[in-house]
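Following: one structure in structure tokens, then a few remarks.
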Amino acid sequence: MDKLTKKPADNVQLNIEKIAGIFPNVITEIRDENGNLKKAVDFELLKQELSYGIVEGGKERYQLTWPGKKEAILLANTPADKTLKPVKEDSVDWDNTQNLYIEGDNLDVLKLLQESYVNRIKCIYIDPPYNTGKDFTYKDDYRLAAADYLKKSGQLDEEGKRLSQDNELNGRFHSGWLTMMYSRLKLARVLLKDDGVIFISVDDHEHHNLRKICDEIFGSSNFIGEVIRKTKSMTGDDGNGFNLQHENLLIYSKKKSAVHLVGKEKSFANYSNPDNDPYGDWCPGDPSAKRGGDSTYFPIKNPYTGKVDYPPKGRFWAFSEKTLKEYINRGKIKFKVDHGENERGFIFKRYKNEAINRNNPVSSLFATENDFMNQSATMELKGLFNESYFDYPKPVAFIYELVKCCTTGKDDIILDFFSGSATTAHAVMKLNAEDGGRRKFIMVQLPEPTEPNSAANRDGYKNICEIGKERIRRAAAKIKEETGADIDYGFRVYRVDSSDVTAN
Ligand SMILES: C[S@@+](CC[C@H](N)C(=O)[O-])C[C@H]1O[C@@H](n2cnc3c(N)ncnc32)[C@H](O)[C@@H]1O
């Protein structure tokens, strides 16, 4: 009977939820006639998701759009037309290792990984080019040529002439980057496990845009938070009296309710056992609670001094009278023989082994310490190679903390598809060596050539993959020497190619 009186299910909303599970980016919100917010489907975007060509049209709606967005969806949905070729001669411990190093454009690689890694990746860390407009060891300028942008944004007529003298060109700085990222993030999401997370480093050039496309791709309800990383300690001035010393890290998930991040271990430094309590170390805790009723509001009298305590104003005891007796009997509540006039007459012990969480939550400010600054990363690379062959690597400690907070150490897979100097592989090996974990890494990197007269090129590293692979070899040797840990230090190298062997 109860079932019959329940509000009927809103089948439309239930169906929309199902579509959201596959295409979170096509879900928008509308208000119904009663002003309530409801989920709705952006049919044009859904049509784009289900089409082999660009779907024309364009209704005004709340979303971030740019010339190339539909192309990005199409790019992500076009099947892989490449394969992976094994490169045994560059690999380490080919027969036994479970780590992968893949050379190629990550768009191709992410498509190829869809064959074996859907719902299998626990942690993705990426540090994509920030679109600063400068080029470093790698290209960091995603600006579209003015003519190309005018064409893509429909500002030219059929004969290629400008429709207006008053052209909009600002979007050309962001459009190329957004198209590049949108397609890759869409593919990456599919690889994540339900309880997996993606960490994305970014700075002010594209931070605002990244947040918008991630809200679309992962669903804004799957946004976990943002971490601030201190990049430098130097004083400086951008000309406006402002010194930028941090960048950002966005954290998204596939299914937020399934995610549990684990921060640093709690210190328990203030716990001790001065009275040899059989329940172990304790510290004085708060005996009061915000909520309660008559059964948790009563006087507690100290038998030694006669002092009577009530809960603090507006609060209740955290226990009933019956539980109070039990607590006194087993020593969790201990009456003081001596106390000041305004002091409570008893101690309410909080035991170390009662602590539900042995770890703190991950702080959004954990990376504001100097250890996480750019210069630490540069020093680390110099320590391995004598030269820093790579511009703006991330510190091992930073990625180590990220991997640690979301993986258990068993068989979790960690993917970095903008891997650069392979700091992520270094961090994964370091963590495994410390806790005996069996985490596996997948590094993806475009073989971007190094500058002809750079130190890297001069020393024989002709492209960034050469730097990345050698970094893993050297980091592995260092970790092995320092810890002696028996972990997987190897990696299989694959190269994007047109032969027909795929990794698994
Ligand atoms: C900012 S760096 C990453 C640095 C890295 N976190 C580290 O600690 O060394 C970005 C990297 O992404 C690479 N990259 C850019 N576009 C790529 C693509 N389409 N496929 C694969 N790698 C790409 C660049 O070559 C560059 O090495």
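Each chain in the structure tokens gets a letter, A, B and so on, in the order shown; residues start at 1 in every chain, and ligands are counted from 1 in the order they appear.
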Contacts to ligand 1 at 8 Å cut-off (only C-alpha atoms and all ligand atoms) as a compact mmCIF listing (two decimals) with N, CA, C and O atoms, in the first residue's frame:
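Result saved to selection_20.txt:
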```txt
# COMPACT_ATOMS: atom_id res chain seq x y z
N GLU A 103 54.86 6.12 -26.95
CA GLU A 103 55.30 7.29 -27.71
C GLU A 103 54.28 7.60 -28.79
O GLU A 103 54.00 6.73 -29.63
N GLY A 104 53.78 8.81 -28.77
CA GLY A 104 52.84 9.18 -29.83
C GLY A 104 51.92 10.28 -29.37
O GLY A 104 52.00 10.74 -28.22
N ASP A 105 51.03 10.70 -30.26
CA ASP A 105 50.05 11.73 -29.92
C ASP A 105 49.03 11.09 -28.97
O ASP A 105 48.47 10.03 -29.27
N ASN A 106 48.78 11.75 -27.85
CA ASN A 106 47.89 11.13 -26.86
C ASN A 106 46.46 10.95 -27.36
O ASN A 106 45.72 10.13 -26.83
N LEU A 107 46.05 11.69 -28.39
CA LEU A 107 44.71 11.48 -28.92
C LEU A 107 44.62 10.06 -29.50
O LEU A 107 43.67 9.32 -29.21
N ILE A 126 47.55 14.77 -15.19
CA ILE A 126 48.08 15.40 -16.41
C ILE A 126 48.51 16.84 -16.14
O ILE A 126 47.93 17.54 -15.30
N ASP A 127 49.50 17.22 -16.89
CA ASP A 127 50.10 18.54 -16.79
C ASP A 127 50.23 19.01 -18.25
O ASP A 127 51.31 18.98 -18.81
N PRO A 128 49.09 19.38 -18.84
CA PRO A 128 49.15 19.71 -20.26
C PRO A 128 49.86 21.04 -20.48
O PRO A 128 50.05 21.81 -19.53
N PRO A 129 50.27 21.33 -21.71
CA PRO A 129 50.82 22.67 -21.97
C PRO A 129 49.78 23.71 -21.53
O PRO A 129 48.58 23.50 -21.68
N TYR A 130 50.28 24.81 -20.93
CA TYR A 130 49.37 25.80 -20.33
C TYR A 130 48.86 26.84 -21.33
O TYR A 130 48.12 27.73 -20.97
N THR A 137 60.62 23.34 -24.06
CA THR A 137 61.11 22.08 -24.66
C THR A 137 59.98 21.53 -25.54
O THR A 137 60.21 20.78 -26.46
N TYR A 138 58.75 21.90 -25.19
CA TYR A 138 57.57 21.44 -25.91
C TYR A 138 56.79 22.66 -26.40
O TYR A 138 56.96 23.78 -25.89
N LYS A 139 55.90 22.41 -27.36
CA LYS A 139 55.10 23.51 -27.92
C LYS A 139 54.08 23.98 -26.87
O LYS A 139 53.41 23.15 -26.25
N ASP A 140 53.99 25.27 -26.68
CA ASP A 140 53.02 25.78 -25.71
C ASP A 140 52.25 26.96 -26.27
O ASP A 140 51.94 27.92 -25.57
N MET A 180 41.82 20.88 -28.42
CA MET A 180 42.80 19.85 -28.10
C MET A 180 42.43 19.14 -26.79
O MET A 180 42.40 17.92 -26.70
N ALA A 377 61.75 20.61 -8.58
CA ALA A 377 61.66 19.69 -9.73
C ALA A 377 62.89 19.82 -10.62
O ALA A 377 63.46 18.83 -11.09
N PHE A 390 64.68 19.59 -19.31
CA PHE A 390 63.25 19.79 -19.56
C PHE A 390 62.75 21.04 -18.86
O PHE A 390 63.11 21.29 -17.71
N ASP A 391 61.94 21.84 -19.55
CA ASP A 391 61.40 23.06 -18.93
C ASP A 391 60.14 22.73 -18.11
O ASP A 391 59.25 22.06 -18.60
N TYR A 392 60.09 23.25 -16.94
CA TYR A 392 58.93 23.14 -16.06
C TYR A 392 58.44 21.71 -15.79
O TYR A 392 57.27 21.39 -15.99
N PRO A 393 59.34 20.82 -15.33
CA PRO A 393 58.82 19.53 -14.85
C PRO A 393 58.11 19.78 -13.51
O PRO A 393 58.28 20.84 -12.91
N LYS A 394 57.35 18.81 -13.06
CA LYS A 394 56.70 18.94 -11.74
C LYS A 394 57.57 18.22 -10.70
O LYS A 394 58.26 17.25 -11.02
N PRO A 395 57.51 18.67 -9.44
CA PRO A 395 58.29 17.98 -8.40
C PRO A 395 57.72 16.58 -8.14
O PRO A 395 56.51 16.39 -8.16
N VAL A 396 58.62 15.62 -7.90
CA VAL A 396 58.19 14.25 -7.63
C VAL A 396 57.24 14.25 -6.41
O VAL A 396 56.21 13.59 -6.41
N PHE A 417 49.05 11.23 -19.57
CA PHE A 417 49.16 11.27 -21.03
C PHE A 417 49.75 12.59 -21.56
O PHE A 417 49.64 12.89 -22.75
N PHE A 418 50.35 13.37 -20.67
CA PHE A 418 51.21 14.51 -21.06
C PHE A 418 52.47 14.36 -20.22
O PHE A 418 52.78 15.22 -19.40
N SER A 419 53.18 13.25 -20.38
CA SER A 419 54.11 12.86 -19.31
C SER A 419 55.44 13.60 -19.28
O SER A 419 56.16 13.52 -18.29
N GLY A 420 55.82 14.30 -20.36
CA GLY A 420 57.03 15.13 -20.34
C GLY A 420 58.25 14.33 -19.90
O GLY A 420 58.60 13.31 -20.49
N SER A 421 58.87 14.76 -18.79
CA SER A 421 60.08 14.08 -18.33
C SER A 421 59.76 12.86 -17.45
O SER A 421 60.64 12.33 -16.79
N ALA A 422 58.51 12.43 -17.45
CA ALA A 422 58.07 11.20 -16.75
C ALA A 422 58.17 11.29 -15.23
O ALA A 422 58.45 10.31 -14.55
N THR A 423 57.90 12.46 -14.68
CA THR A 423 57.90 12.62 -13.22
C THR A 423 56.87 11.67 -12.58
O THR A 423 57.11 11.14 -11.49
N THR A 424 55.76 11.46 -13.27
CA THR A 424 54.72 10.60 -12.68
C THR A 424 55.23 9.17 -12.49
O THR A 424 54.98 8.55 -11.46
N VAL A 444 52.42 8.52 -21.49
CA VAL A 444 52.23 8.80 -22.92
C VAL A 444 52.93 10.11 -23.23
O VAL A 444 52.80 11.08 -22.45
N GLN A 445 53.67 10.14 -24.30
CA GLN A 445 54.40 11.37 -24.63
C GLN A 445 54.62 11.45 -26.14
O GLN A 445 55.00 10.48 -26.79
N LEU A 446 54.37 12.63 -26.67
CA LEU A 446 54.62 12.93 -28.08
C LEU A 446 56.13 13.03 -28.29
O LEU A 446 56.81 13.70 -27.52
N PRO A 447 56.67 12.38 -29.33
CA PRO A 447 58.12 12.50 -29.53
C PRO A 447 58.49 13.86 -30.13
O PRO A 447 59.00 13.94 -31.25
N GLU A 448 58.23 14.93 -29.38
CA GLU A 448 58.56 16.29 -29.87
C GLU A 448 60.07 16.42 -29.93
O GLU A 448 60.76 16.14 -28.94
N ILE A 464 61.60 14.33 -26.80
CA ILE A 464 61.25 14.32 -25.37
C ILE A 464 61.10 12.89 -24.85
O ILE A 464 61.41 12.61 -23.69
N GLY A 468 62.30 11.20 -21.34
CA GLY A 468 61.37 10.53 -20.42
C GLY A 468 61.82 9.11 -20.09
O GLY A 468 61.85 8.71 -18.92
```
Inset, instruction - Check the DSSP output for the backbone and give back, as a ChimeraX atom specification, the residues of segment 116-352 of chain A in helix (DSSP H, G or I). - result: /A:146-152,172-191,207-218,220-222,256-258,294-296,321-329,352
Inset, instruction - Please identify all polymer residues within 10 Å of Leu163 of chain A, counting only C-alpha atoms, omitting same-chain residues fewer than 5 positions from it, and present them as a list of chain:residue names. - result: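 Within the cut-off, the hits are A:Leu150, A:Gly154, A:Gln155, A:Leu156, A:Asp157, A:Glu158.
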Legend entry - Straight-line distance linking atom CA of Val190 of chain A with atom CA of Glu44 of chain A, stated in Å to one decimal: 21.4 Å
Legend entry - 12 Å contact set for Leu178 of chain A, only C-alpha atoms, chain neighbours under 3 positions out, as a ChimeraX atom specification: /A:64-73,128-131,142-144,171-175,181-186,205-214
Would you mind exporting the chosen residues as a short mmCIF file (atom, residue, chain, number, x, y, z; two decimals), in the first residue's frame, restricted to N, CA, C and O atoms?
```cif
data_model
loop_
_atom_site.label_atom_id
_atom_site.label_comp_id
_atom_site.auth_asym_id
_atom_site.auth_seq_id
_atom_site.Cartn_x
_atom_site.Cartn_y
_atom_site.Cartn_z
N LEU A 64 30.04 26.93 -22.43
CA LEU A 64 31.22 27.51 -23.05
C LEU A 64 31.33 26.93 -24.45
O LEU A 64 31.31 25.70 -24.62
N THR A 65 31.38 27.79 -25.43
CA THR A 65 31.53 27.26 -26.77
C THR A 65 32.61 28.03 -27.51
O THR A 65 32.99 29.12 -27.09
N TRP A 66 33.14 27.45 -28.56
CA TRP A 66 34.21 28.07 -29.33
C TRP A 66 34.21 27.40 -30.70
O TRP A 66 33.70 26.27 -30.84
N PRO A 67 34.77 28.06 -31.69
CA PRO A 67 34.83 27.42 -32.99
C PRO A 67 35.74 26.20 -32.90
O PRO A 67 36.91 26.35 -32.56
N GLY A 68 35.20 25.03 -33.12
CA GLY A 68 36.00 23.81 -33.02
C GLY A 68 35.45 22.85 -31.97
O GLY A 68 35.95 21.74 -31.84
N LYS A 69 34.42 23.28 -31.22
CA LYS A 69 33.93 22.41 -30.15
C LYS A 69 33.31 21.12 -30.71
O LYS A 69 33.58 20.02 -30.22
N LYS A 70 32.50 21.28 -31.75
CA LYS A 70 31.88 20.08 -32.32
C LYS A 70 32.93 19.19 -32.96
O LYS A 70 32.85 17.97 -32.90
N GLU A 71 33.93 19.84 -33.52
CA GLU A 71 35.03 19.09 -34.12
C GLU A 71 35.73 18.26 -33.03
O GLU A 71 36.13 17.12 -33.26
N ALA A 72 35.81 18.84 -31.82
CA ALA A 72 36.47 18.13 -30.71
C ALA A 72 35.68 16.88 -30.32
O ALA A 72 36.26 15.83 -30.04
N ILE A 73 34.34 17.00 -30.34
CA ILE A 73 33.51 15.83 -30.00
C ILE A 73 33.71 14.76 -31.06
O ILE A 73 33.90 13.58 -30.78
N PRO A 128 49.09 19.38 -18.84
CA PRO A 128 49.15 19.71 -20.26
C PRO A 128 49.86 21.04 -20.48
O PRO A 128 50.05 21.81 -19.53
N PRO A 129 50.27 21.33 -21.71
CA PRO A 129 50.82 22.67 -21.97
C PRO A 129 49.78 23.71 -21.53
O PRO A 129 48.58 23.50 -21.68
N TYR A 130 50.28 24.81 -20.93
CA TYR A 130 49.37 25.80 -20.33
C TYR A 130 48.86 26.84 -21.33
O TYR A 130 48.12 27.73 -20.97
N ASN A 131 49.33 26.77 -22.57
CA ASN A 131 48.95 27.75 -23.59
C ASN A 131 49.45 29.15 -23.23
O ASN A 131 48.69 30.13 -23.26
N TYR A 142 48.96 27.43 -28.59
CA TYR A 142 47.85 26.78 -29.29
C TYR A 142 46.99 27.81 -30.04
O TYR A 142 45.86 27.53 -30.41
N ARG A 143 47.58 29.01 -30.23
CA ARG A 143 46.88 30.08 -30.93
C ARG A 143 46.59 29.62 -32.37
O ARG A 143 47.46 29.06 -33.04
N LEU A 144 45.35 29.88 -32.83
CA LEU A 144 45.05 29.57 -34.24
C LEU A 144 45.50 30.75 -35.08
O LEU A 144 45.44 31.90 -34.63
N GLY A 171 39.21 34.94 -29.44
CA GLY A 171 38.99 33.50 -29.23
C GLY A 171 40.08 32.65 -29.85
O GLY A 171 40.21 31.48 -29.50
N ARG A 172 40.86 33.21 -30.74
CA ARG A 172 41.87 32.37 -31.40
C ARG A 172 42.96 31.94 -30.43
O ARG A 172 43.65 30.97 -30.66
N PHE A 173 43.09 32.69 -29.32
CA PHE A 173 44.12 32.32 -28.34
C PHE A 173 43.71 31.06 -27.55
O PHE A 173 44.55 30.35 -27.06
N HIS A 174 42.40 30.86 -27.43
CA HIS A 174 41.93 29.76 -26.58
C HIS A 174 41.35 28.58 -27.36
O HIS A 174 41.36 27.45 -26.88
N SER A 175 40.82 28.85 -28.57
CA SER A 175 40.04 27.82 -29.27
C SER A 175 40.85 26.56 -29.56
O SER A 175 40.37 25.44 -29.34
N MET A 181 42.12 19.92 -25.75
CA MET A 181 41.85 19.34 -24.43
C MET A 181 40.51 18.61 -24.37
O MET A 181 40.39 17.56 -23.73
N TYR A 182 39.49 19.20 -24.99
CA TYR A 182 38.13 18.65 -24.87
C TYR A 182 38.09 17.20 -25.35
O TYR A 182 37.58 16.31 -24.68
N SER A 183 38.67 16.96 -26.53
CA SER A 183 38.61 15.61 -27.09
C SER A 183 39.37 14.63 -26.19
O SER A 183 38.91 13.53 -25.92
N ARG A 184 40.50 15.05 -25.70
CA ARG A 184 41.33 14.15 -24.89
C ARG A 184 40.68 13.86 -23.53
O ARG A 184 40.71 12.72 -23.04
N LEU A 185 40.11 14.89 -22.92
CA LEU A 185 39.48 14.67 -21.62
C LEU A 185 38.25 13.76 -21.74
O LEU A 185 37.97 12.95 -20.86
N LYS A 186 37.54 13.91 -22.84
CA LYS A 186 36.37 13.03 -23.06
C LYS A 186 36.81 11.56 -23.12
O LYS A 186 36.18 10.69 -22.53
N HIS A 205 46.29 30.99 -17.56
CA HIS A 205 46.00 31.14 -18.99
C HIS A 205 44.71 30.43 -19.37
O HIS A 205 43.92 30.93 -20.18
N GLU A 206 44.50 29.22 -18.84
CA GLU A 206 43.31 28.46 -19.25
C GLU A 206 42.51 27.90 -18.06
O GLU A 206 41.60 27.12 -18.27
N HIS A 207 42.85 28.32 -16.85
CA HIS A 207 42.17 27.79 -15.66
C HIS A 207 40.65 27.91 -15.77
O HIS A 207 39.90 26.96 -15.57
N HIS A 208 40.19 29.11 -16.12
CA HIS A 208 38.75 29.37 -16.19
C HIS A 208 38.08 28.50 -17.25
O HIS A 208 36.98 27.99 -17.06
N ASN A 209 38.76 28.31 -18.37
CA ASN A 209 38.19 27.51 -19.45
C ASN A 209 38.21 26.02 -19.11
O ASN A 209 37.27 25.29 -19.40
N LEU A 210 39.30 25.61 -18.47
CA LEU A 210 39.42 24.19 -18.12
C LEU A 210 38.29 23.79 -17.17
O LEU A 210 37.68 22.73 -17.30
N ARG A 211 38.03 24.66 -16.20
CA ARG A 211 36.98 24.34 -15.23
C ARG A 211 35.64 24.14 -15.95
O ARG A 211 34.87 23.24 -15.63
N LYS A 212 35.38 25.00 -16.93
CA LYS A 212 34.10 24.92 -17.65
C LYS A 212 34.00 23.62 -18.46
O LYS A 212 32.97 22.96 -18.45
N ILE A 213 35.08 23.28 -19.19
CA ILE A 213 34.95 22.07 -20.01
C ILE A 213 34.92 20.82 -19.14
O ILE A 213 34.25 19.85 -19.47
N CYS A 214 35.62 20.86 -18.00
CA CYS A 214 35.58 19.70 -17.11
C CYS A 214 34.19 19.55 -16.49
O CYS A 214 33.70 18.43 -16.34
#
```
Legend entry - Those of segment 117-306 of chain A in DSSP strand (DSSP E or B), formatted as a count of residues only: 44
